[in-house]
file entry_23.tsv (TSV, C-alpha atoms)
chain	number	residue	atom	x	y	z
A	26	MET	CA	-37.11	1.13	42.10
A	27	ASN	CA	-36.19	-1.38	44.76
A	28	ALA	CA	-33.44	-2.87	42.63
A	29	ILE	CA	-30.85	-0.43	41.35
A	30	ASP	CA	-28.45	-1.50	38.64
A	31	GLY	CA	-25.03	-0.65	39.99
A	32	THR	CA	-23.06	-2.36	37.24
A	33	ASP	CA	-19.93	-0.52	36.25
A	34	ARG	CA	-20.28	-0.02	32.49
A	35	THR	CA	-17.15	2.00	31.95
A	36	ILE	CA	-14.57	0.61	29.55
A	37	THR	CA	-11.04	0.57	30.82
A	38	ALA	CA	-8.09	1.35	28.63
A	39	SER	CA	-7.08	-2.31	28.44
A	40	GLU	CA	-10.53	-3.40	27.17
A	41	ALA	CA	-11.00	-0.67	24.56
A	42	PRO	CA	-9.57	-1.19	21.08
A	43	PRO	CA	-6.25	0.55	20.54
A	44	PRO	CA	-6.15	3.75	18.51
A	45	SER	CA	-5.35	3.47	14.84
A	46	LEU	CA	-2.88	5.43	12.73
A	47	LEU	CA	-3.81	5.59	9.06
A	48	THR	CA	-1.05	6.76	6.72
A	49	ILE	CA	-2.32	7.49	3.21
A	50	ILE	CA	0.04	7.70	0.24
A	51	LEU	CA	-1.59	9.65	-2.58
A	52	ASP	CA	-0.05	9.17	-6.00
A	53	THR	CA	0.09	12.68	-7.52
A	54	ASN	CA	1.79	11.79	-10.79
A	55	PRO	CA	0.75	14.60	-13.21
A	56	TYR	CA	1.08	12.32	-16.25
A	57	ALA	CA	-1.32	9.73	-14.88
A	58	TRP	CA	-3.89	12.27	-13.67
A	59	SER	CA	-3.82	14.10	-17.00
A	60	ILE	CA	-4.84	10.88	-18.74
A	61	LEU	CA	-7.63	10.28	-16.21
A	62	SER	CA	-8.81	13.90	-16.11
A	63	SER	CA	-11.87	13.28	-18.30
A	64	THR	CA	-13.15	10.23	-16.39
A	65	LEU	CA	-11.51	10.32	-12.95
A	66	PRO	CA	-10.47	13.88	-11.99
A	67	LEU	CA	-8.19	14.44	-9.03
A	68	SER	CA	-10.65	16.85	-7.38
A	69	LYS	CA	-13.32	14.14	-7.17
A	70	VAL	CA	-10.86	11.68	-5.68
A	71	ILE	CA	-9.77	14.21	-3.04
A	72	ALA	CA	-13.40	14.85	-2.10
A	73	ASN	CA	-14.03	11.13	-1.57
A	74	LEU	CA	-10.74	10.77	0.28
A	75	LEU	CA	-11.68	13.52	2.75
A	76	VAL	CA	-14.93	11.73	3.55
A	77	PHE	CA	-12.96	8.54	4.16
A	78	ILE	CA	-10.53	10.37	6.47
A	79	ASN	CA	-13.39	11.91	8.44
A	80	ALA	CA	-14.97	8.48	8.89
A	81	HIS	CA	-11.69	7.12	10.19
A	82	LEU	CA	-11.35	9.92	12.74
A	83	ALA	CA	-15.00	9.61	13.81
A	84	ILE	CA	-14.58	5.96	14.86
A	85	ASN	CA	-12.25	6.78	17.73
A	86	HIS	CA	-11.28	10.18	19.11
A	87	ALA	CA	-7.69	8.92	19.50
A	88	ASN	CA	-7.31	7.87	15.85
A	89	GLN	CA	-4.66	9.63	13.82
A	90	VAL	CA	-4.12	10.22	10.12
A	91	ALA	CA	-1.23	11.28	7.90
A	92	VAL	CA	-1.28	11.99	4.16
A	93	ILE	CA	1.86	11.82	2.02
A	94	ALA	CA	2.03	12.85	-1.64
A	95	SER	CA	4.09	10.60	-3.89
A	96	HIS	CA	5.10	13.09	-6.58
A	97	THR	CA	7.47	12.80	-9.50
A	98	THR	CA	10.14	14.91	-7.82
A	99	CYS	CA	9.66	14.30	-4.10
A	100	ALA	CA	7.62	12.67	-1.37
A	101	GLN	CA	5.98	15.40	0.70
A	102	PHE	CA	3.64	15.51	3.69
A	103	LEU	CA	0.21	16.93	2.93
A	104	TYR	CA	-0.95	16.43	6.51
A	105	PRO	CA	0.32	17.14	9.12
A	106	THR	CA	2.31	20.09	7.86
A	107	PRO	CA	5.93	20.06	9.06
A	108	LYS	CA	7.22	23.29	10.51
A	109	PRO	CA	10.02	25.04	8.65
A	110	PRO	CA	13.46	24.60	10.28
A	111	GLN	CA	14.00	27.06	13.08
A	112	PRO	CA	17.32	28.85	13.61
A	113	GLY	CA	19.37	27.02	16.18
A	114	GLY	CA	19.63	23.25	16.11
A	115	ARG	CA	21.92	20.76	17.74
A	116	ASP	CA	24.92	23.06	17.81
A	117	SER	CA	23.15	26.17	19.04
A	118	GLY	CA	22.79	24.99	22.64
A	119	THR	CA	18.99	25.28	22.67
A	120	THR	CA	16.99	23.36	25.22
A	121	ASN	CA	14.18	22.49	22.81
A	122	GLU	CA	13.89	18.71	22.68
A	123	ALA	CA	12.76	18.61	19.04
A	124	ALA	CA	15.64	20.83	17.99
A	125	SER	CA	18.22	19.04	20.10
A	126	ASN	CA	17.63	15.58	18.60
A	127	GLY	CA	17.38	16.81	15.03
A	128	ASP	CA	13.76	15.71	14.44
A	129	VAL	CA	11.44	17.80	12.31
A	130	GLU	CA	8.57	19.15	14.35
A	131	MET	CA	5.28	17.93	12.88
A	132	SER	CA	2.73	20.64	13.60
A	133	ASN	CA	-0.55	21.82	12.20
A	134	GLY	CA	0.88	24.98	10.67
A	135	ILE	CA	-2.31	25.98	8.93
A	136	ALA	CA	-4.31	25.05	12.02
A	137	GLU	CA	-2.47	27.74	13.94
A	138	ARG	CA	-3.44	30.33	11.34
A	139	ILE	CA	-7.11	29.36	11.37
A	140	ALA	CA	-7.37	28.86	15.13
A	141	ASN	CA	-9.45	32.02	15.51
A	142	GLU	CA	-11.86	31.11	12.71
A	143	ASP	CA	-15.17	29.64	13.84
A	144	ASP	CA	-17.45	27.51	11.70
A	145	ALA	CA	-20.32	25.90	13.53
A	146	ASN	CA	-21.30	23.83	10.50
A	147	LYS	CA	-18.18	21.69	10.44
A	148	TYR	CA	-16.27	19.74	13.06
A	149	ARG	CA	-13.01	21.57	13.69
A	150	PRO	CA	-10.60	18.60	13.22
A	151	PHE	CA	-12.30	17.81	9.91
A	152	ARG	CA	-11.95	21.42	8.76
A	153	ILE	CA	-8.29	21.61	9.77
A	154	ILE	CA	-7.38	18.45	7.83
A	155	GLU	CA	-9.33	19.58	4.78
A	156	GLN	CA	-7.72	23.03	4.62
A	157	GLU	CA	-4.20	21.76	5.28
A	158	LEU	CA	-4.42	18.97	2.73
A	159	LEU	CA	-5.84	21.18	-0.02
A	160	ALA	CA	-3.38	24.00	0.68
A	161	ASN	CA	-0.32	21.73	0.66
A	162	LEU	CA	-1.51	19.87	-2.44
A	163	THR	CA	-2.08	23.14	-4.31
A	164	ASN	CA	1.36	24.35	-3.25
A	165	LEU	CA	2.98	21.11	-4.43
A	166	ILE	CA	1.34	21.22	-7.85
A	167	SER	CA	2.11	24.91	-8.34
A	168	LYS	CA	5.81	24.31	-7.63
A	169	THR	CA	6.05	21.59	-10.29
A	170	THR	CA	7.76	23.07	-13.35
A	171	PRO	CA	7.84	21.71	-16.91
A	172	GLU	CA	11.54	20.93	-16.44
A	173	ASP	CA	10.66	18.68	-13.49
A	174	LEU	CA	8.14	16.81	-15.60
A	175	LYS	CA	10.67	16.26	-18.37
A	176	SER	CA	13.36	14.96	-16.03
A	177	ARG	CA	11.19	12.30	-14.36
A	178	THR	CA	7.90	10.70	-15.35
A	179	THR	CA	7.45	8.08	-12.61
A	180	THR	CA	6.20	8.58	-9.09
A	181	MET	CA	8.49	8.25	-6.07
A	182	ILE	CA	6.53	5.51	-4.34
A	183	ALA	CA	9.64	4.08	-2.65
A	184	GLY	CA	10.42	7.42	-0.99
A	185	ALA	CA	6.81	7.83	0.12
A	186	LEU	CA	6.79	4.34	1.68
A	187	THR	CA	10.04	5.06	3.50
A	188	THR	CA	8.67	8.34	4.84
A	189	ALA	CA	5.47	6.62	5.96
A	190	LEU	CA	7.32	3.86	7.81
A	191	ALA	CA	9.57	6.40	9.54
A	192	TYR	CA	6.56	8.45	10.65
A	193	ILE	CA	4.75	5.33	11.91
A	194	ASN	CA	7.81	4.23	13.87
A	195	LYS	CA	8.07	7.65	15.48
A	196	GLN	CA	4.41	7.65	16.52
A	197	ILE	CA	4.75	4.16	18.00
A	198	LEU	CA	7.70	5.35	20.07
A	199	LEU	CA	5.67	8.29	21.36
A	200	LYS	CA	2.59	6.20	22.19
A	201	SER	CA	4.38	3.24	23.77
A	202	PRO	CA	4.13	3.28	27.59
A	203	SER	CA	7.24	1.16	27.94
A	204	ASP	CA	10.09	-0.19	25.86
A	205	PRO	CA	8.86	0.06	22.22
A	206	SER	CA	11.22	-2.67	21.02
A	207	VAL	CA	9.00	-5.22	22.72
A	208	LEU	CA	6.17	-4.39	20.34
A	209	LEU	CA	8.31	-5.33	17.34
A	210	ASN	CA	9.10	-8.84	18.55
A	211	ALA	CA	7.13	-11.69	17.09
A	212	ASP	CA	6.54	-13.37	20.45
A	213	THR	CA	5.97	-10.84	23.21
A	214	SER	CA	5.43	-13.55	25.79
A	215	ALA	CA	9.00	-14.75	25.38
A	216	VAL	CA	10.44	-11.40	26.48
A	217	SER	CA	11.91	-11.49	29.95
A	218	SER	CA	9.91	-9.65	32.55
A	219	ALA	CA	13.13	-8.12	33.88
A	220	ALA	CA	13.61	-6.12	30.67
A	221	LEU	CA	11.03	-3.54	31.75
A	222	PRO	CA	10.29	-1.93	35.10
A	223	MET	CA	7.19	-3.23	36.82
A	224	THR	CA	5.08	-0.12	36.96
A	225	SER	CA	1.34	0.23	37.32
A	226	VAL	CA	-0.67	1.23	34.24
A	227	ASP	CA	-4.44	1.74	34.80
A	228	GLY	CA	-4.35	-0.47	37.85
A	229	GLN	CA	-2.50	-3.29	36.08
A	230	ASP	CA	1.10	-4.33	36.09
A	231	ALA	CA	3.55	-3.70	33.27
A	232	ALA	CA	3.34	-7.30	32.05
A	233	SER	CA	-0.29	-6.90	31.01
A	234	ALA	CA	0.46	-3.47	29.51
A	235	ARG	CA	3.20	-4.97	27.35
A	236	SER	CA	0.84	-7.56	25.91
A	237	ARG	CA	-1.56	-4.83	24.76
A	238	GLN	CA	-0.70	-3.04	21.56
A	239	THR	CA	-0.85	0.73	22.03
A	240	LEU	CA	-1.19	1.82	18.40
A	241	THR	CA	-2.27	-0.08	15.30
A	242	SER	CA	-0.78	1.26	12.09
A	243	ARG	CA	-1.44	0.67	8.42
A	244	ILE	CA	-0.62	2.23	5.07
A	245	LEU	CA	-3.08	2.90	2.26
A	246	ILE	CA	-1.77	3.61	-1.24
A	247	LEU	CA	-3.93	5.22	-3.91
A	248	SER	CA	-2.07	4.22	-7.06
A	249	VAL	CA	-2.56	5.61	-10.55
A	250	SER	CA	0.92	5.04	-11.99
A	251	GLY	CA	2.08	2.12	-14.08
A	252	ASP	CA	5.17	-0.02	-13.92
A	253	LEU	CA	7.63	0.68	-11.08
A	254	ALA	CA	10.42	-1.60	-12.27
A	255	ALA	CA	13.02	1.16	-11.89
A	256	GLN	CA	12.34	1.24	-8.12
A	257	TYR	CA	12.27	-2.51	-7.59
A	258	ILE	CA	15.08	-2.67	-5.00
A	259	PRO	CA	13.93	0.21	-2.72
A	260	VAL	CA	10.29	-0.89	-2.96
A	261	MET	CA	11.17	-4.44	-1.90
A	262	ASN	CA	13.25	-3.08	0.98
A	263	THR	CA	10.28	-1.06	2.24
A	264	ILE	CA	8.07	-4.15	1.93
A	265	PHE	CA	10.46	-6.14	4.13
A	266	ALA	CA	10.61	-3.27	6.65
A	267	ALA	CA	6.79	-3.06	6.81
A	268	GLN	CA	6.61	-6.82	7.25
A	269	ARG	CA	9.09	-6.58	10.11
A	270	GLN	CA	7.10	-3.82	11.83
A	271	ARG	CA	3.77	-5.60	11.23
A	272	VAL	CA	2.38	-2.72	9.21
A	273	PRO	CA	-0.12	-3.92	6.58
A	274	ILE	CA	-0.04	-2.16	3.23
A	275	ASP	CA	-3.39	-1.70	1.48
A	276	VAL	CA	-3.53	-0.70	-2.18
A	277	LEU	CA	-6.43	0.84	-4.06
A	278	LYS	CA	-5.50	0.60	-7.72
A	279	LEU	CA	-7.27	3.29	-9.71
A	280	ALA	CA	-5.18	2.92	-12.87
A	281	GLY	CA	-1.94	1.39	-14.10
A	282	ASP	CA	-0.32	-1.99	-13.56
A	283	THR	CA	1.04	-2.39	-10.03
A	284	VAL	CA	2.90	-5.69	-9.89
A	285	PHE	CA	5.15	-4.88	-6.94
A	286	LEU	CA	2.43	-3.20	-4.89
A	287	GLN	CA	0.38	-6.35	-5.25
A	288	GLN	CA	3.30	-8.28	-3.81
A	289	ALA	CA	3.46	-5.73	-0.97
A	290	CYS	CA	-0.14	-6.47	0.00
A	291	ASP	CA	0.47	-10.21	-0.09
A	292	SER	CA	3.65	-10.01	2.00
A	293	THR	CA	2.30	-7.67	4.70
A	294	GLY	CA	-1.24	-9.06	4.95
A	295	GLY	CA	-2.94	-6.04	3.41
A	296	ILE	CA	-5.84	-5.72	0.97
A	297	TYR	CA	-5.30	-5.24	-2.74
A	298	LEU	CA	-8.42	-3.74	-4.28
A	299	ASP	CA	-8.99	-3.22	-7.98
A	300	PRO	CA	-12.34	-1.43	-8.40
A	301	SER	CA	-12.47	-2.30	-12.10
A	302	HIS	CA	-13.23	-5.91	-11.11
A	303	TYR	CA	-16.30	-4.74	-9.18
A	304	THR	CA	-17.54	-2.06	-11.57
A	305	PRO	CA	-21.35	-1.71	-11.38
A	306	PRO	CA	-23.39	-1.60	-14.59
A	307	LEU	CA	-23.52	1.76	-16.31
A	308	ASP	CA	-26.62	3.82	-15.60
A	309	SER	CA	-28.22	6.59	-17.59
A	310	SER	CA	-25.90	9.25	-16.10
A	311	THR	CA	-22.83	7.43	-17.38
A	312	LYS	CA	-24.18	6.84	-20.87
A	313	THR	CA	-23.64	9.38	-23.63
A	314	ASN	CA	-26.65	9.99	-25.90
A	315	GLY	CA	-28.23	6.82	-24.63
A	316	LYS	CA	-25.19	4.71	-25.51
A	317	ALA	CA	-22.40	3.31	-23.37
A	318	PRO	CA	-18.89	4.69	-23.93
A	319	ALA	CA	-17.04	3.01	-26.74
A	320	ASP	CA	-13.82	2.64	-24.79
A	321	THR	CA	-14.10	-0.17	-22.25
A	322	ALA	CA	-11.30	1.24	-20.08
A	323	ALA	CA	-13.02	4.62	-19.90
A	324	ALA	CA	-16.24	2.92	-18.88
A	325	ALA	CA	-14.44	0.99	-16.13
A	326	VAL	CA	-12.83	4.15	-14.77
A	327	SER	CA	-16.17	5.93	-14.86
A	328	GLY	CA	-17.68	3.13	-12.79
A	329	THR	CA	-14.71	3.34	-10.43
A	330	LEU	CA	-15.50	7.00	-9.68
A	331	GLN	CA	-19.12	6.14	-8.90
A	332	GLY	CA	-18.14	3.46	-6.38
A	333	LEU	CA	-14.90	4.98	-5.08
A	334	LEU	CA	-16.30	6.00	-1.70
A	335	LEU	CA	-17.97	2.60	-1.35
A	336	HIS	CA	-14.64	0.82	-1.90
A	337	LEU	CA	-12.93	3.12	0.60
A	338	LEU	CA	-15.46	2.76	3.39
A	339	HIS	CA	-16.30	-0.93	3.27
A	340	PRO	CA	-13.06	-2.95	2.77
A	341	LEU	CA	-10.43	-0.32	3.68
A	342	LEU	CA	-11.94	1.53	6.65
A	343	PRO	CA	-11.58	-1.25	9.29
A	344	ASP	CA	-8.15	-1.39	10.87
A	345	SER	CA	-6.12	-4.52	11.52
A	346	TYR	CA	-7.77	-4.93	14.94
A	347	ALA	CA	-11.29	-5.05	13.45
A	348	ARG	CA	-10.38	-7.14	10.40
A	349	HIS	CA	-10.06	-10.25	12.55
A	350	SER	CA	-13.86	-10.26	12.83
A	351	LEU	CA	-14.54	-9.46	9.15
A	352	VAL	CA	-14.24	-11.35	5.90
A	353	PRO	CA	-11.83	-9.50	3.57
A	354	PRO	CA	-12.39	-9.33	-0.19
A	355	ALA	CA	-11.27	-12.30	-2.22
A	356	ASP	CA	-7.61	-12.08	-3.20
A	357	ALA	CA	-6.80	-12.17	-6.88
A	358	ALA	CA	-3.91	-14.16	-8.31
A	359	VAL	CA	-0.68	-12.50	-7.15
A	360	ASP	CA	1.93	-11.79	-9.80
A	361	PHE	CA	5.27	-12.76	-8.25
A	362	ARG	CA	7.45	-11.67	-11.16
A	363	ALA	CA	10.58	-9.67	-10.40
A	364	ALA	CA	12.54	-6.95	-12.19
A	365	CYS	CA	16.05	-7.57	-13.44
A	366	PHE	CA	18.91	-5.56	-11.99
A	367	CYS	CA	20.50	-4.82	-15.35
A	368	HIS	CA	17.68	-3.32	-17.44
A	369	ARG	CA	14.90	-2.94	-14.83
A	370	ARG	CA	12.56	-5.12	-16.86
A	371	VAL	CA	9.93	-7.42	-15.36
A	372	VAL	CA	10.92	-10.97	-16.28
A	373	ASP	CA	9.41	-14.42	-15.85
A	374	ILE	CA	12.65	-16.41	-16.14
A	375	GLY	CA	16.09	-14.99	-15.41
A	376	TYR	CA	19.55	-15.65	-14.01
A	377	VAL	CA	20.22	-15.27	-10.27
A	378	CYS	CA	23.58	-14.56	-8.66
A	379	SER	CA	24.41	-17.29	-6.13
A	380	VAL	CA	26.01	-14.78	-3.70
A	381	CYS	CA	23.75	-11.68	-3.56
A	382	LEU	CA	20.65	-13.13	-5.30
A	383	SER	CA	20.62	-10.38	-7.94
A	384	ILE	CA	18.38	-11.10	-10.92
A	385	PHE	CA	19.46	-10.63	-14.53
A	386	CYS	CA	17.38	-11.05	-17.64
A	387	GLU	CA	20.27	-12.37	-19.79
A	388	PRO	CA	23.72	-13.90	-19.22
A	389	LEU	CA	26.37	-11.32	-18.35
A	390	ALA	CA	28.97	-10.62	-21.00
A	391	ASP	CA	32.03	-10.91	-18.73
A	392	GLY	CA	30.39	-13.19	-16.17
A	393	GLN	CA	30.78	-10.64	-13.35
A	394	CYS	CA	27.81	-9.78	-11.13
A	395	LEU	CA	26.85	-6.12	-11.43
A	396	THR	CA	25.89	-5.90	-7.75
A	397	CYS	CA	28.53	-7.73	-5.73
A	398	GLY	CA	31.24	-8.20	-8.38
A	399	THR	CA	31.45	-11.99	-7.99
A	400	GLN	CA	32.85	-13.84	-10.99
A	401	LEU	CA	30.13	-16.22	-12.09
A	402	ILE	CA	30.74	-19.34	-14.15
A	403	LEU	CA	27.90	-20.17	-16.48
A	404	PRO	CA	27.64	-23.37	-18.51
A	405	ARG	CA	27.94	-23.19	-22.25
A	406	GLU	CA	24.30	-24.09	-22.68
A	407	ALA	CA	23.13	-21.16	-20.52
A	408	GLY	CA	22.24	-18.88	-23.41
A	409	VAL	CA	21.13	-21.58	-25.83
A	410	VAL	CA	17.42	-21.81	-26.46
A	411	PRO	CA	16.31	-25.42	-25.97
A	412	ALA	CA	14.97	-27.19	-29.02
A	413	VAL	CA	11.30	-28.02	-28.93
A	414	LEU	CA	10.49	-31.36	-30.56
A	415	PRO	CA	7.05	-31.89	-32.04
A	416	ARG	CA	4.86	-34.41	-30.30
A	417	ALA	CA	4.58	-37.76	-32.07
A	418	LYS	CA	1.20	-38.32	-33.62
A	419	LYS	CA	-0.69	-41.50	-32.87
A	420	LYS	CA	-1.68	-43.70	-35.80
A	421	LYS	CA	-5.39	-44.07	-36.32
A	422	LYS	CA	-7.05	-47.32	-37.36
A	423	LYS	CA	-8.35	-47.48	-40.89
A	424	LYS	CA	-11.79	-48.85	-41.55
A	425	ILE	CA	-12.97	-50.52	-44.77
A	426	ALA	CA	-16.39	-50.30	-46.27
A	427	GLY	CA	-18.99	-51.99	-44.09
A	428	GLY	CA	-17.49	-50.85	-40.82
A	429	ALA	CA	-15.11	-53.80	-40.33
A	430	ASP	CA	-11.55	-53.16	-39.22
A	431	THR	CA	-8.61	-53.71	-41.52
A	432	PRO	CA	-6.99	-57.19	-41.43
A	433	GLY	CA	-4.41	-57.68	-38.74
A	434	THR	CA	-6.10	-55.41	-36.25
A	435	SER	CA	-8.01	-56.47	-33.19
A	436	SER	CA	-11.76	-56.46	-33.41
A	437	ALA	CA	-13.98	-54.70	-30.99
A	438	ALA	CA	-16.20	-57.80	-30.69
A	439	GLY	CA	-15.31	-60.51	-28.16
A	440	THR	CA	-14.24	-64.13	-28.95
A	441	PRO	CA	-17.32	-66.26	-29.81
A	442	ALA	CA	-18.14	-69.01	-27.35
A	443	PRO	CA	-17.95	-72.68	-28.64
A	444	SER	CA	-21.29	-74.17	-29.62
call {"tool": "encode", "arguments": {"input": "entry_23.tsv", "output": "structure tokens"}}
result
Amino acid sequence: MNAIDGTDRTITASEAPPPSLLTIILDTNPYAWSILSSTLPLSKVIANLLVFINAHLAINHANQVAVIASHTTCAQFLYPTPKPPQPGGRDSGTTNEAASNGDVEMSNGIAERIANEDDANKYRPFRIIEQELLANLTNLISKTTPEDLKSRTTTMIAGALTTALAYINKQILLKSPSDPSVLLNADTSAVSSAALPMTSVDGQDAASARSRQTLTSRILILSVSGDLAAQYIPVMNTIFAAQRQRVPIDVLKLAGDTVFLQQACDSTGGIYLDPSHYTPPLDSSTKTNGKAPADTAAAAVSGTLQGLLLHLLHPLLPDSYARHSLVPPADAAVDFRAACFCHRRVVDIGYVCSVCLSIFCEPLADGQCLTCGTQLILPREAGVVPAVLPRAKKKKKKKIAGGADTPGTSSAAGTPAPS
């Protein structure tokens, strides 16, 4: 008792890891989920997703989460629930800041209705997220009419990515203690110290506060749709915007072929995870009458459901701050093919406009670019398929009976030495 440990073990704000904002884009394409209903139902995926969200919030009390549904008709927030527009906006002379600048107030609408409910068996933030997400998802599916399904069969992933980036940018502006534009620069040390006022933050000057990132953000996409060639241009624009804001895009491919989302992970430094490559062997619960399913794809999806929570928690739970100390999963070969601007088809070889870099799968009829209108001059041999000549065959040596070579050919034996 003579020696008392008086070490200060408190962690200051500058030493603690920054809070993390996880924005999840859930693909709610009814066509894709109807095909997977027998092996990978949406209800099971939502249950695993809620466990993943709770684990993310339990790591740090300051962590945030947002869930966006990428539907066939719209991109809608599932959590947090936006408030309906109130009467009186910019022109009504109200003093409300959210109404005066035209922003939509993001509020836990369902949380206000269940504020008086008490459940000692569940942590209140977990319960609020669960009830809001399920209520908004049920409302979205119930509003989908058969006419909406006939008009559009693909998911609006480009709109969901744009909404996610806008929400992330808004949260960064709210969390930044100083000028948020500094956080977007590639080299923060090159910014002049006179750009920001020298104020004290937690006992430190503003220069040290600028060097610390206040909020780490990332996007996780749960994809079940197939080809997105029709949205090639807006998807690539969102990829460039995420790369500019240093927002990694992670993709968990449950079904379908996602060529452009794989390029998004490679460009932004995210993780592209295909659980079918890591499907565990089928056990007795997966087998039917003691036999494995006949369809290989169905067996792979069934194994994906068994290990879905494992794939969510292990590679995708750590944020960008913690991934520097971890070894990410091995990256598969990235498909860098592009979609043509004329027919929205994924092509290996095409024609590129020299002005706007638009891609076309075949020579244009009038030679005019469909994007910028530039008159292009193509050589006459542009549309001609090159002739492929057969490779010349090498002549083989003929051998006579006894194993000797034919006359006039060199022998394998060396020249005999003189006696």
call {"tool": "closest_residue", "arguments": {"input": "entry_23.tsv", "among": "A:Pro354, A:Pro109, A:Pro150, A:Pro55", "to": "Asn88 (chain A)", "atoms": "all atoms listed in the file"}}
result
A:Pro150
call {"tool": "atom_distance", "arguments": {"input": "entry_23.tsv", "atom1": "CA of Gly184 (chain A)", "atom2": "CA of Val70 (chain A)"}}
result
22.2 Å
call {"tool": "atom_distance", "arguments": {"input": "entry_23.tsv", "atom1": "CA of Leu337 (chain A)", "atom2": "CA of Ser45 (chain A)"}}
result
16.1 Å
call {"tool": "closest_residue", "arguments": {"input": "entry_23.tsv", "among": "A:Phe385, A:Phe285, A:Phe265, A:Tyr346", "to": "Val359 (chain A)", "atoms": "only C-alpha atoms"}}
result
A:Phe285
call {"tool": "closest_residue", "arguments": {"input": "entry_23.tsv", "among": "A:Glu172, A:Ala100, A:Ala363, A:Leu401", "to": "Val380 (chain A)", "atoms": "all atoms listed in the file"}}
result
A:Leu401
call {"tool": "atom_distance", "arguments": {"input": "entry_23.tsv", "atom1": "CA of Ile182 (chain A)", "atom2": "CA of Ser95 (chain A)"}}
result
5.7 Å
call {"tool": "closest_residue", "arguments": {"input": "entry_23.tsv", "among": "A:Cys394, A:Ala267, A:Val90, A:Ala355", "to": "Ile154 (chain A)", "atoms": "all atoms listed in the file"}}
result
A:Val90
call {"tool": "closest_residue", "arguments": {"input": "entry_23.tsv", "among": "A:Ala289, A:Leu334, A:Ala83, A:Leu279", "to": "Met261 (chain A)", "atoms": "only C-alpha atoms"}}
result
A:Ala289
call {"tool": "axis_aligned_box", "arguments": {"input": "entry_23.tsv", "around": "region 156-174 of chain A", "padding_each_side": "4 Å", "output": "lines of an AutoDock Vina configuration file"}}
result
center_x = 1.9
center_y = 20.9
center_z = -5.8
size_x = 27.3
size_y = 16.1
size_z = 30.2
call {"tool": "closest_residue", "arguments": {"input": "entry_23.tsv", "among": "A:Val276, A:Ala57, A:Arg271, A:Gln256", "to": "Thr178 (chain A)", "atoms": "all atoms listed in the file"}}
result
A:Ala57
call {"tool": "residues_around", "arguments": {"input": "entry_23.tsv", "residues": "Arg369 (chain A)", "least_positions_apart": "5", "cutoff": "7 Å", "atoms": "all atoms listed in the file", "output": "short mmCIF file (atom, residue, chain, number, x, y, z; two decimals) with C-alpha atoms, in the coordinates of the input"}}
result
data_model
loop_
_atom_site.label_atom_id
_atom_site.label_comp_id
_atom_site.auth_asym_id
_atom_site.auth_seq_id
_atom_site.Cartn_x
_atom_site.Cartn_y
_atom_site.Cartn_z
CA ALA A 254 10.42 -1.60 -12.27
CA ALA A 255 13.02 1.16 -11.89
CA ALA A 364 12.54 -6.95 -12.19
#
call {"tool": "residues_around", "arguments": {"input": "entry_23.tsv", "residues": "Ile71 (chain A)", "least_positions_apart": "5", "cutoff": "12 Å", "atoms": "only C-alpha atoms", "output": "ChimeraX atom specification"}}
result
/A:49,51-53,65-66,76-78,92,94,103,154-156,158-159,162-163,247,330,333-334
